[in-house]
Structure formats: C-alpha cells, structure tokens
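What follows is the content of final27.cif, which has mmCIF, C-alpha atoms:
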data_coords
#
loop_
_atom_site.label_atom_id
_atom_site.label_comp_id
_atom_site.auth_asym_id
_atom_site.auth_seq_id
_atom_site.Cartn_x
_atom_site.Cartn_y
_atom_site.Cartn_z
CA MET A 65 -9.90 11.30 -29.51
CA THR A 66 -8.73 8.69 -27.01
CA GLU A 67 -11.20 7.87 -24.25
CA PRO A 68 -9.89 8.61 -20.72
CA ILE A 69 -11.00 5.17 -19.49
CA LYS A 70 -10.71 1.91 -21.42
CA TYR A 71 -13.25 -0.71 -20.31
CA LEU A 72 -12.28 -4.36 -20.72
CA SER A 73 -15.23 -6.05 -18.99
CA GLN A 74 -18.62 -5.16 -17.52
CA PRO A 75 -19.22 -7.22 -14.37
CA LYS A 76 -22.25 -6.70 -12.16
CA PHE A 77 -21.42 -4.76 -9.00
CA ASN A 78 -23.25 -4.80 -5.68
CA ASN A 79 -22.00 -1.67 -3.86
CA PRO A 80 -18.41 -2.92 -3.49
CA ALA A 81 -15.66 -1.41 -1.37
CA LEU A 82 -12.84 0.24 -3.31
CA LEU A 83 -9.23 -0.51 -2.34
CA VAL A 84 -6.52 1.79 -3.72
CA CYS A 85 -2.87 0.65 -3.78
CA TRP A 86 0.18 2.34 -5.26
CA GLU A 87 3.16 0.96 -7.11
CA SER A 88 6.58 1.63 -5.51
CA ASP A 89 5.14 1.85 -1.99
CA ALA A 90 7.46 1.27 0.98
CA GLY A 91 8.07 -2.41 1.71
CA GLN A 92 6.38 -3.31 -1.62
CA LEU A 93 3.14 -2.85 0.30
CA GLY A 94 0.83 -1.90 -2.57
CA GLU A 95 2.27 -4.32 -5.10
CA LYS A 96 2.16 -7.37 -2.83
CA VAL A 97 -1.29 -6.65 -1.34
CA VAL A 98 -2.73 -6.36 -4.85
CA ASP A 99 -0.90 -9.49 -5.97
CA TYR A 100 -2.25 -11.43 -3.00
CA LEU A 101 -5.84 -10.30 -3.53
CA VAL A 102 -5.99 -10.50 -7.31
CA HIS A 103 -4.23 -13.88 -7.58
CA GLU A 104 -5.59 -15.57 -4.47
CA LEU A 105 -9.16 -14.46 -5.22
CA GLU A 106 -8.97 -14.59 -9.03
CA GLY A 107 -9.59 -10.92 -9.74
CA LYS A 108 -10.71 -9.81 -13.18
CA THR A 109 -9.64 -6.64 -14.99
CA VAL A 110 -12.46 -4.10 -15.31
CA CYS A 111 -10.82 -1.07 -16.93
CA GLU A 112 -7.68 1.01 -17.30
CA ILE A 113 -7.11 4.76 -17.12
CA ASN A 114 -5.49 6.26 -20.20
CA LEU A 115 -2.05 7.38 -19.06
CA VAL A 116 -1.20 10.08 -21.60
CA ASP A 117 -2.14 13.09 -19.44
CA PHE A 118 -0.63 11.81 -16.20
CA PHE A 119 2.75 10.19 -16.86
CA PRO A 120 5.89 11.13 -18.81
CA LEU A 121 5.82 8.73 -21.73
CA GLY A 122 8.85 10.10 -23.56
CA GLY A 123 11.30 7.61 -22.02
CA VAL A 124 11.62 4.19 -20.46
CA THR A 125 12.48 3.21 -16.88
CA ILE A 126 14.49 0.01 -16.34
CA GLU A 127 15.16 -1.52 -12.93
CA LYS A 128 17.28 -4.66 -12.58
CA ASP A 129 16.89 -5.35 -16.34
CA ILE A 130 13.08 -5.11 -16.15
CA THR A 131 11.36 -2.43 -18.22
CA LEU A 132 8.76 -0.66 -16.09
CA PHE A 133 5.67 0.79 -17.74
CA PRO A 134 3.14 2.94 -15.86
CA GLN A 135 -0.22 1.32 -15.18
CA SER A 136 -3.57 2.29 -13.69
CA THR A 137 -5.88 -0.71 -13.55
CA PHE A 138 -9.14 -1.58 -11.81
CA TYR A 139 -9.77 -5.21 -10.82
CA PHE A 140 -13.00 -6.78 -9.59
CA ILE A 141 -12.96 -9.66 -7.11
CA PRO A 142 -16.02 -11.83 -7.85
CA ASP A 143 -18.06 -12.96 -4.84
CA ARG A 144 -16.04 -10.74 -2.47
CA ASP A 145 -17.66 -7.35 -3.10
CA ILE A 146 -14.37 -5.49 -3.62
CA VAL A 147 -12.80 -3.49 -6.45
CA VAL A 148 -9.02 -3.02 -6.38
CA PHE A 149 -7.32 -0.07 -8.08
CA TYR A 150 -3.57 -0.43 -8.58
CA SER A 151 -1.63 2.40 -10.15
CA THR A 152 1.71 4.00 -10.74
CA ILE A 153 1.76 7.34 -8.92
CA PRO A 154 0.65 10.05 -11.40
CA ARG A 155 3.22 12.73 -12.15
CA TYR A 156 0.81 15.37 -13.46
CA GLU A 157 -2.82 16.49 -13.14
CA TRP A 158 -3.62 14.90 -9.77
CA SER A 159 -7.07 16.50 -9.60
CA LYS A 160 -8.07 15.22 -13.03
CA PHE A 161 -6.63 11.79 -12.30
CA PHE A 162 -8.46 11.39 -8.99
CA ASN A 163 -11.73 12.53 -10.53
CA LEU A 164 -11.40 9.74 -13.09
CA VAL A 165 -10.80 7.29 -10.23
CA MET A 166 -13.96 8.59 -8.55
CA ASP A 167 -15.91 8.34 -11.83
CA VAL A 168 -15.13 4.62 -12.03
CA ALA A 169 -15.69 4.07 -8.30
CA LEU A 170 -19.06 5.83 -8.15
CA GLU A 171 -20.55 5.79 -11.63
CA THR A 172 -19.36 2.36 -12.79
CA CYS A 173 -18.99 0.40 -9.55
CA ASN A 174 -21.32 2.29 -7.17
CA ALA A 175 -18.73 1.88 -4.41
CA ARG A 176 -19.94 2.19 -0.81
CA GLU A 177 -16.59 3.06 0.82
CA MET A 178 -12.92 3.45 -0.04
CA PHE A 179 -9.66 2.35 1.58
CA THR A 180 -6.20 3.43 0.48
CA ILE A 181 -3.06 1.91 1.94
CA GLY A 182 0.39 3.34 2.53
CA GLY A 183 3.70 2.40 4.10
CA MET A 184 5.44 4.78 6.51
CA VAL A 185 9.15 4.79 7.23
CA ALA A 186 9.72 3.81 10.88
CA MET A 187 12.83 3.54 13.05
CA GLY A 188 11.69 0.38 14.83
CA ALA A 189 13.00 -3.15 14.44
CA HIS A 190 11.40 -5.80 12.24
CA THR A 191 11.08 -8.03 15.30
CA ALA A 192 8.40 -5.75 16.79
CA PRO A 193 4.73 -6.50 16.01
CA ARG A 194 3.43 -4.46 13.08
CA GLU A 195 0.88 -1.76 13.87
CA SER A 196 -1.68 0.03 11.74
CA TRP A 197 -3.44 3.34 12.07
CA ALA A 198 -5.66 5.43 9.86
CA THR A 199 -6.72 8.86 8.70
CA PHE A 200 -10.36 9.38 7.70
CA ASN A 201 -12.27 11.74 5.43
CA SER A 202 -15.45 11.80 7.54
CA PRO A 203 -16.59 11.29 11.15
CA GLU A 204 -18.98 8.61 9.90
CA ILE A 205 -16.31 6.25 8.61
CA LYS A 206 -14.13 6.92 11.64
CA ARG A 207 -17.01 5.75 13.87
CA SER A 208 -17.66 2.72 11.68
CA LEU A 209 -14.01 1.64 12.07
CA THR A 210 -13.82 2.11 15.85
CA TYR A 211 -13.71 -1.66 16.39
CA TYR A 212 -10.38 -1.90 14.55
CA GLN A 213 -8.58 0.53 16.89
CA LEU A 214 -7.03 2.51 14.04
CA SER A 215 -7.46 6.02 15.41
CA ARG A 216 -4.54 7.83 17.08
CA GLU A 217 -6.42 11.15 17.59
CA MET A 218 -3.63 12.77 15.58
CA ASP A 219 -3.62 16.50 14.83
CA TYR A 220 -1.66 17.60 11.76
CA GLU A 221 -1.65 20.35 9.15
CA THR A 222 0.27 20.35 5.90
CA PRO A 223 3.11 22.90 6.23
CA PRO A 224 2.73 26.12 4.19
CA GLY A 225 3.97 25.60 0.66
CA ALA A 226 4.08 21.81 0.98
CA ARG A 227 1.96 19.43 -1.07
CA PRO A 228 -0.45 17.04 0.69
CA THR A 229 0.34 13.35 0.47
CA LEU A 230 -1.10 11.39 -2.43
CA ASN A 231 -3.48 9.46 -0.18
CA SER A 232 -4.62 12.62 1.61
CA TYR A 233 -5.41 14.23 -1.73
CA LEU A 234 -7.39 11.14 -2.78
CA LEU A 235 -9.35 11.15 0.49
CA TRP A 236 -10.25 14.78 -0.20
CA ALA A 237 -11.35 13.94 -3.77
CA ALA A 238 -13.54 11.12 -2.40
CA GLN A 239 -15.02 13.41 0.28
CA GLN A 240 -15.93 15.96 -2.40
CA ARG A 241 -17.86 13.25 -4.23
CA GLY A 242 -19.60 11.94 -1.10
CA LEU A 243 -17.58 8.72 -0.74
CA HIS A 244 -16.45 7.87 2.79
CA GLY A 245 -12.85 6.71 2.93
CA ALA A 246 -9.81 6.00 5.09
CA THR A 247 -6.09 5.55 4.54
CA ILE A 248 -4.62 2.58 6.40
CA TRP A 249 -0.98 3.27 7.31
CA VAL A 250 1.54 0.62 8.35
CA PRO A 251 5.02 1.56 9.64
CA ILE A 252 7.85 -0.15 7.70
CA PRO A 253 11.27 -0.57 9.35
CA PHE A 254 13.56 1.85 7.51
CA TYR A 255 15.92 -0.93 6.40
CA LEU A 256 13.05 -2.79 4.69
CA VAL A 257 11.60 0.21 2.84
CA ASN A 258 13.31 -0.76 -0.42
CA ASN A 259 12.72 -4.47 0.12
CA ASP A 260 9.85 -6.79 0.83
CA ASP A 261 8.02 -6.52 4.17
CA PRO A 262 5.54 -9.43 4.26
CA ALA A 263 4.69 -8.79 7.93
CA ALA A 264 3.43 -5.29 7.03
CA GLN A 265 1.59 -6.68 4.03
CA LYS A 266 -0.18 -9.22 6.24
CA LYS A 267 -1.22 -6.46 8.65
CA VAL A 268 -3.10 -4.73 5.84
CA LEU A 269 -4.58 -7.98 4.58
CA GLU A 270 -5.80 -8.86 8.07
CA PHE A 271 -7.69 -5.58 8.29
CA LEU A 272 -9.23 -6.05 4.84
CA ASN A 273 -10.07 -9.67 5.62
CA SER A 274 -11.96 -8.65 8.76
CA ARG A 275 -13.65 -5.53 7.39
CA LEU A 276 -14.65 -6.96 3.99
CA TYR A 277 -15.15 -10.65 4.92
CA LEU A 278 -12.68 -11.81 2.28
CA ARG A 279 -12.03 -15.28 3.76
CA LEU A 280 -8.34 -15.10 2.91
CA ASN A 281 -5.91 -17.97 3.29
CA PHE A 282 -2.72 -16.60 4.87
CA ALA A 283 -0.59 -19.73 4.40
CA ARG A 284 1.54 -18.29 1.59
CA ILE A 285 2.27 -14.98 3.27
CA ASP A 286 2.92 -16.69 6.62
CA ALA A 287 5.57 -18.78 4.87
CA GLU A 288 7.11 -15.62 3.39
CA ILE A 289 7.22 -13.98 6.83
CA MET A 290 8.92 -17.04 8.33
CA ARG A 291 11.53 -17.17 5.54
CA GLN A 292 12.40 -13.50 5.96
CA GLU A 293 12.62 -13.77 9.75
CA GLU A 294 14.96 -16.76 9.39
CA ARG A 295 17.19 -14.88 6.92
CA LEU A 296 17.47 -11.84 9.16
CA ALA A 297 18.05 -13.97 12.25
CA ARG A 298 20.85 -15.76 10.42
CA LEU A 299 22.32 -12.42 9.36
CA SER A 300 22.35 -11.26 12.99
CA GLN A 301 24.11 -14.46 14.06
CA GLU A 302 26.70 -14.36 11.28
CA GLN A 303 27.40 -10.64 11.72
CA PRO A 304 27.38 -9.70 15.42
CA GLU A 305 27.51 -6.00 14.53
CA ILE A 306 24.15 -6.30 12.77
CA GLY A 307 22.74 -8.17 15.75
CA ARG A 308 23.96 -5.39 18.04
CA ILE A 309 22.35 -2.69 15.89
CA ILE A 310 19.01 -4.49 15.80
CA LYS A 311 19.16 -4.90 19.58
CA LYS A 312 19.56 -1.13 19.86
CA LEU A 313 16.43 -0.66 17.76
CA GLU A 314 14.55 -3.14 19.93
CA GLY A 315 15.53 -1.03 22.94
CA ASN A 316 14.29 2.17 21.24
CA LEU A 317 17.82 3.55 21.11
CA ALA A 318 18.87 5.96 18.37
CA LEU A 319 21.37 4.76 15.77
CA SER A 320 24.28 6.69 14.36
CA GLU A 321 24.33 7.54 10.67
CA THR A 322 26.98 4.88 10.14
CA GLU A 323 24.87 2.25 11.91
CA ASN A 324 21.85 3.21 9.76
CA GLU A 325 23.85 2.85 6.55
CA THR A 326 25.45 -0.42 7.65
CA LEU A 327 22.11 -2.00 8.56
CA ILE A 328 20.44 -0.94 5.29
CA LYS A 329 23.36 -2.21 3.19
CA GLU A 330 23.72 -5.59 4.91
CA VAL A 331 19.98 -6.30 5.02
CA GLU A 332 19.55 -5.45 1.33
CA GLU A 333 22.46 -7.70 0.37
CA CYS A 334 21.13 -10.49 2.58
CA LEU A 335 17.65 -10.40 1.08
CA GLU A 336 18.91 -10.11 -2.48
CA LYS A 337 21.01 -13.26 -2.06
CA SER A 338 18.20 -15.29 -0.52
#
Would you mind writing the structure in this file as structure tokens?
Amino acid sequence: MTEPIKYLSQPKFNNPALLVCWESDAGQLGEKVVDYLVHELEGKTVCEINLVDFFPLGGVTIEKDITLFPQSTFYFIPDRDIVVFYSTIPRYEWSKFFNLVMDVALETCNAREMFTIGGMVAMGAHTAPRESWATFNSPEIKRSLTYYQLSREMDYETPPGARPTLNSYLLWAAQQRGLHGATIWVPIPFYLVNNDDPAAQKKVLEFLNSRLYLRLNFARIDAEIMRQEERLARLSQEQPEIGRIIKKLEGNLALSETENETLIKEVEECLEKS
C-alpha cells in the first residue's frame, strides 16, 4: 500500500508559519511567490503528498509544449521559520486532501499559523497601486494582523448550492484542527490574469516579509515590475486605442465587451513577445 505522504527529509522545526500557494493562480501569483521564496532563500523539500486519490492521472496536460504534472510539495526555509506548501488544485476528495495538509502542518512541522494566498480578478488598471485584504478563520488571528490593515469588514455567505472557494475550505479545515489562519487576497487586473503580475506578487511578498521577518531582497522582482511597466507603457504609446482603454480604467469607467477583449488580446501578445 502506498503511503499518503512521502518524506524526503527530516529537518528540525521551531513552530514555523505555513504558507499555502496554488498552481495556476491568477497572475501566476502562487507559482512566482513560491519560486521567489524557495530559490531566494534556498528552500529544501520536506515531503510530497501522494497524488493518486486527488488528481486524474489517466492523461497528460501540455501547455505551450510543456508537459504539466500535478504536484503537492512541502518546502522548508532554513533559518526563516517558514514552511511553504505548493500544490496543483486537487480535483477530488478535498476533505481528505486538506486533512493530509493539516497532518503535515501540525504533526510534522508543529506550525503556529497558516497563510494562504489567492489572486482575484479586478477591473482596475495595472497602473494603480496593488492592494491586499484578508479573510480569517478566527478572531484571534484577525486581531493579530490588525497592524497590516487587511480587514474590510466584509459580510458574505456562499450561495445555496455553490461550493466554497478552495482557500475558504482550507481555512475551515485548519480551524477544525485548531490552527489559526488567513487568506491574503490581491486583486489582479483582468487583462493580466493569464499572464505574469509581478506587482501583485511583490504585494504578497511584502506582507510575508514583514509578518515573518524574512529579510527578502526585492531587487529581482523590482526589475521585473519595471520591465513589465515599460512594455505596457510602450504598448499604450504604439497603440493609442490601448492607451485610451487603460485611461478609462484609471478613471473607473466601465469598458465595453469589445474593449475588454481588445485589451486582453493586445496585452497578452505584447507580453508574449517581450
């Protein structure tokens, strides 16, 4: 019988924070945040969740000639007191999957708190400062994060018959096991959802850097932000229609369906060429 969790190393943990990121998030948020943390801070693989019960393994997904395999991996960042979990979104057995995540977090790592991150589709322009807000699974962690001004005092209830979001479900699983947690949300301009959004990625990293004392160097991501801003500024100059559409977004004006489609198409082509 295959074990549900495959351990690859046994580091010593000191009540780390757990960060959960998802593959295929809007603006490549999860992928790039994990890449920045694991590579910049030399993260080490701790264990992997066996994927058989959670993902369809009967076929192969290929995107832009790259074969994509599901993954669910825990990394430990030495000297930074943080464990990072990066995973493909499970297709089946969410409850079982999240309980395995909690087993590793609590029984192996003895995690003290958990943060999940997520990108939200927004109708704003990329030229506006990125924001962040949060949902919490306990009053205690909400109070402990007051300094970061994440709360919007939002009231919401999942519509009848609808499924809760992945991160909401995970917060519930953590709450059931006594682990305080929060989901950090960052709005992603709708025309960057399928592309890279380094400004949104930096917003998440800034929060983690402050909360977890990571001592990050932002030089690489600052350079990525500057390159993208230059590309999009050049696109607006070379195509006045794109510049006009972005100006409408900056003025909080609604776009037509044609304007939406035009902006998405031209931005994607611009960033693919760069």
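Between atom CA of Asp99 of chain A and atom CA of Leu327 of chain A the separation is 28.2 Å.
If only C-alpha atoms are the atoms counted, then among A:Ala192, A:Ile289, A:Leu101, A:Leu115 the closest residue to Val148 of chain A is A:Leu101.
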Centre and edge lengths, as JSON, for the axis-aligned box enclosing every listed atom of segment 104-117 of chain A with 6 Å of padding on each of the six sides, in Å to one decimal?
{"center_x": -6.8, "center_y": -1.2, "center_z": -13.0, "size_x": 23.3, "size_y": 40.7, "size_z": 29.1}
(request) For the structure shown, which residues end up in the PyMOL selection byres ((chain A and resi 74-88) around 8)? Put them as a PyMOL selection string, please? (result) chain A and resi 71-73+89-90+92+94-95+97-98+110+140+145-153+169+173-182+276
Written selection (C-alpha atoms) as a JSON list (two decimals), in the coordinates of the input:
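Produced file result38.json, reproduced below:
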[["chain", "number", "residue", "atom", "x", "y", "z"],
["A", 71, "TYR", "CA", -13.25, -0.71, -20.31],
["A", 72, "LEU", "CA", -12.28, -4.36, -20.72],
["A", 73, "SER", "CA", -15.23, -6.05, -18.99],
["A", 89, "ASP", "CA", 5.14, 1.85, -1.99],
["A", 90, "ALA", "CA", 7.46, 1.27, 0.98],
["A", 92, "GLN", "CA", 6.38, -3.31, -1.62],
["A", 94, "GLY", "CA", 0.83, -1.90, -2.57],
["A", 95, "GLU", "CA", 2.27, -4.32, -5.10],
["A", 97, "VAL", "CA", -1.29, -6.65, -1.34],
["A", 98, "VAL", "CA", -2.73, -6.36, -4.85],
["A", 110, "VAL", "CA", -12.46, -4.10, -15.31],
["A", 140, "PHE", "CA", -13.00, -6.78, -9.59],
["A", 145, "ASP", "CA", -17.66, -7.35, -3.10],
["A", 146, "ILE", "CA", -14.37, -5.49, -3.62],
["A", 147, "VAL", "CA", -12.80, -3.49, -6.45],
["A", 148, "VAL", "CA", -9.02, -3.02, -6.38],
["A", 149, "PHE", "CA", -7.32, -0.07, -8.08],
["A", 150, "TYR", "CA", -3.57, -0.43, -8.58],
["A", 151, "SER", "CA", -1.63, 2.40, -10.15],
["A", 152, "THR", "CA", 1.71, 4.00, -10.74],
["A", 153, "ILE", "CA", 1.76, 7.34, -8.92],
["A", 169, "ALA", "CA", -15.69, 4.07, -8.30],
["A", 173, "CYS", "CA", -18.99, 0.40, -9.55],
["A", 174, "ASN", "CA", -21.32, 2.29, -7.17],
["A", 175, "ALA", "CA", -18.73, 1.88, -4.41],
["A", 176, "ARG", "CA", -19.94, 2.19, -0.81],
["A", 177, "GLU", "CA", -16.59, 3.06, 0.82],
["A", 178, "MET", "CA", -12.92, 3.45, -0.04],
["A", 179, "PHE", "CA", -9.66, 2.35, 1.58],
["A", 180, "THR", "CA", -6.20, 3.43, 0.48],
["A", 181, "ILE", "CA", -3.06, 1.91, 1.94],
["A", 182, "GLY", "CA", 0.39, 3.34, 2.53],
["A", 276, "LEU", "CA", -14.65, -6.96, 3.99]]
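Proximity ranking of A:Thr322, A:Ser232, A:Thr210, A:Ser196 relative to Lys266 of chain A places A:Ser196 first, based on only C-alpha atoms.
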(message) Could you list, as a PyMOL selection string, every residue matched by the PyMOL selection byres ((chain A and resi 142) around 8) in this structure?
(response) chain A and resi 105-108+140-141+143-146
(message) I need the residue nearest Ser320 of chain A from this list: A:Met187, A:Val165, A:Ile113, A:Ala246. Use only C-alpha atoms for the distance.
(response)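 Under the stated criterion, the closest residue is A:Met187.
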(message) For this structure, which residues satisfy the selection - the PyMOL selection byres ((chain A and resi 67) around 12) - when it is evaluated on the file as given? I want them as a list in words.
(response)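 For this structure, the PyMOL selection byres ((chain A and resi 67) around 12) captures Met65, Thr66, Pro68, Ile69, Lys70, Tyr71, Cys111, Glu112, Ile113, Asn114, Leu115, Val116, Asp117 and Leu164 of chain A.
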(message) As an exercise, work out the distance from atom CA of Arg284 of chain A to atom CA of Leu296 of chain A in Å and give it to one decimal place.
(response)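 According to the coordinates, atom CA of Arg284 of chain A and atom CA of Leu296 of chain A are separated by 18.8 Å.
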(message) Residues proximal to (-0.3, -8.8, 0.2) were defined as those with any atom within 6 Å of that point in the file's coordinates, counting all atoms listed in the file. Which are they, as a ChimeraX atom specification?
(response) /A:96-97,100,265
(request) For atom CA of Met184 of chain A and atom CA of Trp249 of chain A, determine how far apart the two atoms are, in Å to one decimal place. (result) 6.6 Å
(request) With a distance cut-off of 8 Å and all atoms listed in the file, select the neighbouring residues of Arg295 of chain A, excluding the residue or stretch itself and same-chain residues fewer than 2 positions from it, and output the selection as a PyMOL selection string. (result) chain A and resi 291-293+297-299+334-335+338
For Tyr255 of chain A, find every residue with an atom within 10 Å (counting only C-alpha atoms), except residues of its own chain fewer than 5 positions away, and show them as a CSV table (one decimal) with C-alpha atoms, keeping the file's coordinate frame.
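What ended up in around.csv:
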chain,number,residue,atom,x,y,z
A,91,GLY,CA,8.1,-2.4,1.7
A,185,VAL,CA,9.2,4.8,7.2
A,186,ALA,CA,9.7,3.8,10.9
A,187,MET,CA,12.8,3.5,13.0
A,188,GLY,CA,11.7,0.4,14.8
A,189,ALA,CA,13.0,-3.2,14.4
A,190,HIS,CA,11.4,-5.8,12.2
A,261,ASP,CA,8.0,-6.5,4.2
A,324,ASN,CA,21.8,3.2,9.8
A,325,GLU,CA,23.8,2.8,6.6
A,326,THR,CA,25.4,-0.4,7.6
A,327,LEU,CA,22.1,-2.0,8.6
A,328,ILE,CA,20.4,-0.9,5.3
A,329,LYS,CA,23.4,-2.2,3.2
A,330,GLU,CA,23.7,-5.6,4.9
A,331,VAL,CA,20.0,-6.3,5.0
A,332,GLU,CA,19.6,-5.4,1.3
